>>> print(open('structure.cif').read())   # mmCIF, C-alpha atoms
data_protein
loop_
_atom_site.label_atom_id
_atom_site.label_comp_id
_atom_site.auth_asym_id
_atom_site.auth_seq_id
_atom_site.Cartn_x
_atom_site.Cartn_y
_atom_site.Cartn_z
CA GLY A 1 17.22 7.47 7.48
CA ASP A 2 14.60 10.14 6.60
CA GLU A 3 11.33 10.51 8.50
CA VAL A 4 8.23 9.10 6.77
CA THR A 5 4.60 9.86 7.67
CA LEU A 6 1.59 7.78 6.66
CA GLN A 7 -1.76 9.47 7.12
CA CYS A 8 -5.44 8.50 7.02
CA ARG A 9 -8.54 10.71 7.34
CA ILE A 10 -11.18 8.75 9.23
CA SER A 11 -14.52 9.89 10.60
CA GLY A 12 -16.55 8.29 13.37
CA LYS A 13 -14.10 8.18 16.31
CA PRO A 14 -12.76 4.69 15.52
CA GLU A 15 -10.11 2.58 17.16
CA VAL A 16 -7.15 2.71 14.76
CA THR A 17 -4.42 0.10 14.36
CA TRP A 18 -1.43 0.13 12.03
CA MET A 19 0.17 -2.96 10.50
CA ALA A 20 3.44 -3.46 8.61
CA ASN A 21 3.66 -6.55 6.41
CA GLY A 22 0.80 -8.14 8.36
CA LYS A 23 2.31 -7.51 11.81
CA ALA A 24 1.01 -4.98 14.34
CA VAL A 25 3.04 -1.78 14.65
CA THR A 26 3.18 -0.65 18.26
CA ASP A 27 3.41 3.00 19.29
CA SER A 28 7.10 3.50 20.18
CA ASP A 29 10.03 5.90 19.72
CA ASP A 30 10.64 4.45 16.23
CA PHE A 31 6.97 4.26 15.14
CA LYS A 32 4.77 6.99 16.61
CA TYR A 33 0.99 7.16 16.46
CA GLN A 34 -0.55 10.65 16.23
CA ASN A 35 -4.17 11.76 16.05
CA ALA A 36 -5.63 15.24 15.55
CA GLY A 37 -9.36 15.37 14.81
CA ASP A 38 -10.08 12.98 11.96
CA ILE A 39 -6.41 12.66 10.88
CA TYR A 40 -4.54 9.58 12.08
CA LYS A 41 -0.79 9.30 11.43
CA LEU A 42 1.97 6.74 11.72
CA ILE A 43 5.33 8.51 11.85
CA ILE A 44 8.43 6.44 11.16
CA GLY A 45 11.33 8.38 12.72
CA GLU A 46 14.02 7.01 10.39
CA ILE A 47 13.27 4.83 7.37
CA PHE A 48 15.64 2.01 6.42
CA PRO A 49 15.40 -0.65 3.66
CA GLU A 50 14.13 -3.24 6.15
CA ASP A 51 11.17 -0.91 6.90
CA GLY A 52 9.87 -1.26 3.35
CA GLY A 53 6.66 -3.16 2.70
CA VAL A 54 2.89 -2.92 2.91
CA TYR A 55 1.51 -0.69 5.67
CA SER A 56 -2.17 -0.85 6.58
CA CYS A 57 -4.39 1.38 8.68
CA THR A 58 -7.51 -0.31 10.07
CA ALA A 59 -10.32 1.71 11.60
CA SER A 60 -12.86 -0.16 13.76
CA ASN A 61 -15.99 0.77 15.68
CA ALA A 62 -19.28 -0.88 16.60
CA GLY A 63 -20.45 -0.57 12.98
CA GLY A 64 -17.54 -2.57 11.52
CA SER A 65 -14.07 -1.94 10.15
CA ALA A 66 -12.32 -0.51 7.10
CA THR A 67 -8.70 -0.88 5.98
CA SER A 68 -6.50 1.17 3.68
CA SER A 69 -3.01 0.08 2.61
CA ALA A 70 0.06 1.63 1.02
CA THR A 71 3.42 0.20 0.00
CA ILE A 72 6.71 1.81 0.98
CA PHE A 73 9.81 1.08 -1.10
CA VAL A 74 13.01 2.43 0.41
CA ALA A 75 15.53 3.55 -2.22
CA VAL A 76 19.19 3.46 -1.21
CA PRO A 77 21.20 6.37 -2.68
CA ASP A 78 23.77 5.37 -5.32
CA GLU A 79 22.44 1.80 -5.40
CA GLU A 80 20.64 0.47 -8.48
CA PRO A 81 17.55 -1.64 -7.78
CA THR A 82 17.97 -5.32 -8.64
CA GLY A 83 14.28 -6.11 -8.95
CA PRO A 84 11.21 -4.52 -10.52
CA VAL A 85 10.37 -0.92 -9.59
CA PHE A 86 6.87 0.56 -9.72
CA LYS A 87 6.71 3.76 -11.79
CA THR A 88 2.93 4.12 -11.31
CA TRP A 89 0.74 2.34 -8.78
CA PRO A 90 -2.77 0.93 -8.89
CA VAL A 91 -5.17 3.54 -7.47
CA SER A 92 -8.03 2.80 -5.05
CA GLN A 93 -11.44 3.43 -6.61
CA ASN A 94 -15.09 3.61 -5.58
CA VAL A 95 -17.42 1.96 -8.07
CA ASP A 96 -21.14 1.22 -8.10
CA GLU A 97 -22.12 -2.43 -7.82
CA GLY A 98 -22.26 -4.21 -11.18
CA ASN A 99 -20.01 -1.69 -12.99
CA PRO A 100 -16.58 -2.60 -14.37
CA VAL A 101 -13.38 -1.27 -12.83
CA THR A 102 -9.79 -1.29 -14.12
CA PHE A 103 -6.60 -1.17 -12.09
CA SER A 104 -3.22 -0.57 -13.72
CA CYS A 105 0.43 -0.08 -12.86
CA THR A 106 3.67 0.57 -14.71
CA LEU A 107 6.92 -1.18 -13.81
CA ASP A 108 10.55 -0.93 -14.79
CA SER A 109 12.61 -4.08 -14.54
CA PRO A 110 16.09 -5.23 -15.57
CA ALA A 111 14.58 -8.63 -16.48
CA ALA A 112 11.34 -10.13 -17.78
CA LEU A 113 8.42 -9.83 -15.37
CA THR A 114 5.62 -12.05 -14.18
CA VAL A 115 2.81 -9.91 -12.78
CA SER A 116 0.03 -11.34 -10.64
CA TRP A 117 -2.98 -9.65 -9.09
CA THR A 118 -4.67 -10.51 -5.80
CA LYS A 119 -7.90 -9.60 -4.04
CA ASP A 120 -8.15 -10.09 -0.28
CA GLY A 121 -4.97 -12.18 -0.35
CA ARG A 122 -6.21 -14.59 -3.04
CA ALA A 123 -5.17 -14.73 -6.68
CA ALA A 124 -7.41 -12.83 -9.10
CA ASP A 125 -7.02 -15.38 -11.92
CA ASP A 126 -7.01 -14.23 -15.54
CA SER A 127 -10.41 -15.80 -16.24
CA GLY A 128 -14.09 -15.26 -15.58
CA ARG A 129 -14.68 -11.95 -13.82
CA PHE A 130 -11.02 -10.87 -13.99
CA SER A 131 -9.04 -10.09 -17.12
CA TYR A 132 -5.32 -9.27 -17.39
CA ALA A 133 -3.81 -6.98 -20.02
CA GLN A 134 -0.31 -5.73 -20.83
CA ASP A 135 0.84 -2.80 -22.97
CA GLY A 136 4.64 -2.54 -22.82
CA ASN A 137 5.52 -2.03 -19.15
CA THR A 138 1.91 -1.21 -18.14
CA TYR A 139 -0.13 -4.02 -16.60
CA SER A 140 -3.92 -3.91 -16.06
CA LEU A 141 -6.58 -5.93 -14.32
#
>>> encode(input="structure.cif", output="structure tokens")
Amino acid sequence: GDEVTLQCRISGKPEVTWMANGKAVTDSDDFKYQNAGDIYKLIIGEIFPEDGGVYSCTASNAGGSATSSATIFVAVPDEEPTGPVFKTWPVSQNVDEGNPVTFSCTLDSPAALTVSWTKDGRAADDSGRFSYAQDGNTYSL
């Protein structure tokens, strides 16, 4: 039950909403919104395994919207994970139009893995514009 803080730096005085696993997170005693200048925070008072998942911060104004996401995995002390565990994560990147970009991650797993990549919720198939690669426990797109 430690406290966890997610933070975004956003300019332009936007309206900010937080989501957890695709569902809106409301400002409450358990999940507090904070804002100071261009820093927007979601503070989770006590983190539990059921709080794990993908958290997204969406900033909106008259000009449009932008979203940034992060995944929280909650480790339980003295309990070995039963599924795959990320050792390194894919990193967000800015790239000029027309240039290639590579995303990679490293996983540990007690069993064989099947890794899939998605873009905007749809599969990034290993064909055409997208290419998968694997080197040991490191997977790349």
>>> atom_distance(input="structure.cif", atom1="CA of Lys23 (chain A)", atom2="CA of Glu80 (chain A)")
28.5 Å
>>> closest_residue(input="structure.cif", among="A:Leu42, A:Ile47, A:Leu107, A:Val91", to="Thr17 (chain A)", atoms="all atoms listed in the file")
A:Leu42
>>> resolve_selection(input="structure.cif", expression="the PyMOL selection byres ((chain A and resi 59) around 8)", output="list in words")
Ile10, Pro14, Glu15, Val16, Thr17, Cys57, Thr58, Ser60, Asn61, Ser65, Ala66 and Thr67 of chain A
>>> atom_distance(input="structure.cif", atom1="CA of Asp29 (chain A)", atom2="CA of Asp51 (chain A)")
14.6 Å
>>> closest_residue(input="structure.cif", among="A:Val54, A:Pro49, A:Gln34, A:Gly121", to="Glu79 (chain A)", atoms="only C-alpha atoms")
A:Pro49
>>> residues_around(input="structure.cif", residues="Ser116 (chain A)", least_positions_apart="2", cutoff="9 Å", atoms="only C-alpha atoms", output="number ranges by chain")
A: 114, 118, 123-125, 132
>>> build_atoms(input="structure.cif", residues="region 51-80 of chain A", atoms="N, CA and C atoms", output="mmCIF file, in the coordinates of the input")
data_model
loop_
_atom_site.group_PDB
_atom_site.id
_atom_site.type_symbol
_atom_site.label_atom_id
_atom_site.label_comp_id
_atom_site.auth_asym_id
_atom_site.auth_seq_id
_atom_site.Cartn_x
_atom_site.Cartn_y
_atom_site.Cartn_z
ATOM 1 N N ASP A 51 12.493 -1.448 6.565
ATOM 2 C CA ASP A 51 11.170 -0.910 6.900
ATOM 3 C C ASP A 51 10.221 -0.905 5.710
ATOM 4 N N GLY A 52 10.714 -1.232 4.533
ATOM 5 C CA GLY A 52 9.870 -1.260 3.350
ATOM 6 C C GLY A 52 8.818 -2.348 3.451
ATOM 7 N N GLY A 53 7.712 -2.155 2.728
ATOM 8 C CA GLY A 53 6.660 -3.160 2.700
ATOM 9 C C GLY A 53 5.288 -2.541 2.680
ATOM 10 N N VAL A 54 4.280 -3.359 2.948
ATOM 11 C CA VAL A 54 2.890 -2.920 2.910
ATOM 12 C C VAL A 54 2.459 -2.496 4.307
ATOM 13 N N TYR A 55 2.028 -1.249 4.415
ATOM 14 C CA TYR A 55 1.510 -0.690 5.670
ATOM 15 C C TYR A 55 0.009 -0.536 5.539
ATOM 16 N N SER A 56 -0.719 -0.929 6.592
ATOM 17 C CA SER A 56 -2.170 -0.850 6.580
ATOM 18 C C SER A 56 -2.662 -0.107 7.813
ATOM 19 N N CYS A 57 -3.699 0.684 7.602
ATOM 20 C CA CYS A 57 -4.390 1.380 8.680
ATOM 21 C C CYS A 57 -5.799 0.801 8.740
ATOM 22 N N THR A 58 -6.171 0.259 9.899
ATOM 23 C CA THR A 58 -7.510 -0.310 10.070
ATOM 24 C C THR A 58 -8.260 0.502 11.114
ATOM 25 N N ALA A 59 -9.437 0.966 10.712
ATOM 26 C CA ALA A 59 -10.320 1.710 11.600
ATOM 27 C C ALA A 59 -11.488 0.814 11.971
ATOM 28 N N SER A 60 -11.781 0.716 13.283
ATOM 29 C CA SER A 60 -12.860 -0.160 13.760
ATOM 30 C C SER A 60 -13.746 0.580 14.745
ATOM 31 N N ASN A 61 -15.043 0.311 14.657
ATOM 32 C CA ASN A 61 -15.990 0.770 15.680
ATOM 33 C C ASN A 61 -17.125 -0.242 15.718
ATOM 34 N N ALA A 62 -18.177 0.054 16.452
ATOM 35 C CA ALA A 62 -19.280 -0.880 16.600
ATOM 36 C C ALA A 62 -19.936 -1.232 15.271
ATOM 37 N N GLY A 63 -19.832 -0.344 14.286
ATOM 38 C CA GLY A 63 -20.450 -0.570 12.980
ATOM 39 C C GLY A 63 -19.640 -1.450 12.046
ATOM 40 N N GLY A 64 -18.378 -1.733 12.385
ATOM 41 C CA GLY A 64 -17.540 -2.570 11.520
ATOM 42 C C GLY A 64 -16.132 -2.035 11.424
ATOM 43 N N SER A 65 -15.450 -2.388 10.340
ATOM 44 C CA SER A 65 -14.070 -1.940 10.150
ATOM 45 C C SER A 65 -13.806 -1.661 8.684
ATOM 46 N N ALA A 66 -12.779 -0.836 8.456
ATOM 47 C CA ALA A 66 -12.320 -0.510 7.100
ATOM 48 C C ALA A 66 -10.802 -0.425 7.140
ATOM 49 N N THR A 67 -10.163 -0.870 6.048
ATOM 50 C CA THR A 67 -8.700 -0.880 5.980
ATOM 51 C C THR A 67 -8.236 -0.197 4.707
ATOM 52 N N SER A 68 -7.164 0.572 4.834
ATOM 53 C CA SER A 68 -6.500 1.170 3.680
ATOM 54 C C SER A 68 -5.020 0.816 3.771
ATOM 55 N N SER A 69 -4.412 0.507 2.621
ATOM 56 C CA SER A 69 -3.010 0.080 2.610
ATOM 57 C C SER A 69 -2.190 0.892 1.623
ATOM 58 N N ALA A 70 -0.899 0.973 1.907
ATOM 59 C CA ALA A 70 0.060 1.630 1.020
ATOM 60 C C ALA A 70 1.371 0.851 1.103
ATOM 61 N N THR A 71 2.138 0.892 0.027
ATOM 62 C CA THR A 71 3.420 0.200 0.000
ATOM 63 C C THR A 71 4.546 1.223 0.037
ATOM 64 N N ILE A 72 5.518 0.964 0.899
ATOM 65 C CA ILE A 72 6.710 1.810 0.980
ATOM 66 C C ILE A 72 7.885 1.025 0.410
ATOM 67 N N PHE A 73 8.538 1.597 -0.597
ATOM 68 C CA PHE A 73 9.810 1.080 -1.100
ATOM 69 C C PHE A 73 10.875 2.065 -0.669
ATOM 70 N N VAL A 74 11.938 1.571 -0.075
ATOM 71 C CA VAL A 74 13.010 2.430 0.410
ATOM 72 C C VAL A 74 14.163 2.359 -0.583
ATOM 73 N N ALA A 75 14.422 3.480 -1.267
ATOM 74 C CA ALA A 75 15.530 3.550 -2.220
ATOM 75 C C ALA A 75 16.811 3.885 -1.467
ATOM 76 N N VAL A 76 17.882 3.204 -1.816
ATOM 77 C CA VAL A 76 19.190 3.460 -1.210
ATOM 78 C C VAL A 76 19.989 4.306 -2.199
ATOM 79 N N PRO A 77 20.442 5.505 -1.764
ATOM 80 C CA PRO A 77 21.200 6.370 -2.680
ATOM 81 C C PRO A 77 22.393 5.654 -3.293
ATOM 82 N N ASP A 78 22.638 5.922 -4.565
ATOM 83 C CA ASP A 78 23.770 5.370 -5.320
ATOM 84 C C ASP A 78 23.743 3.851 -5.438
ATOM 85 N N GLU A 79 22.563 3.244 -5.260
ATOM 86 C CA GLU A 79 22.440 1.800 -5.400
ATOM 87 C C GLU A 79 21.316 1.510 -6.392
ATOM 88 N N GLU A 80 21.633 0.812 -7.480
ATOM 89 C CA GLU A 80 20.640 0.470 -8.480
ATOM 90 C C GLU A 80 19.748 -0.653 -7.975
#
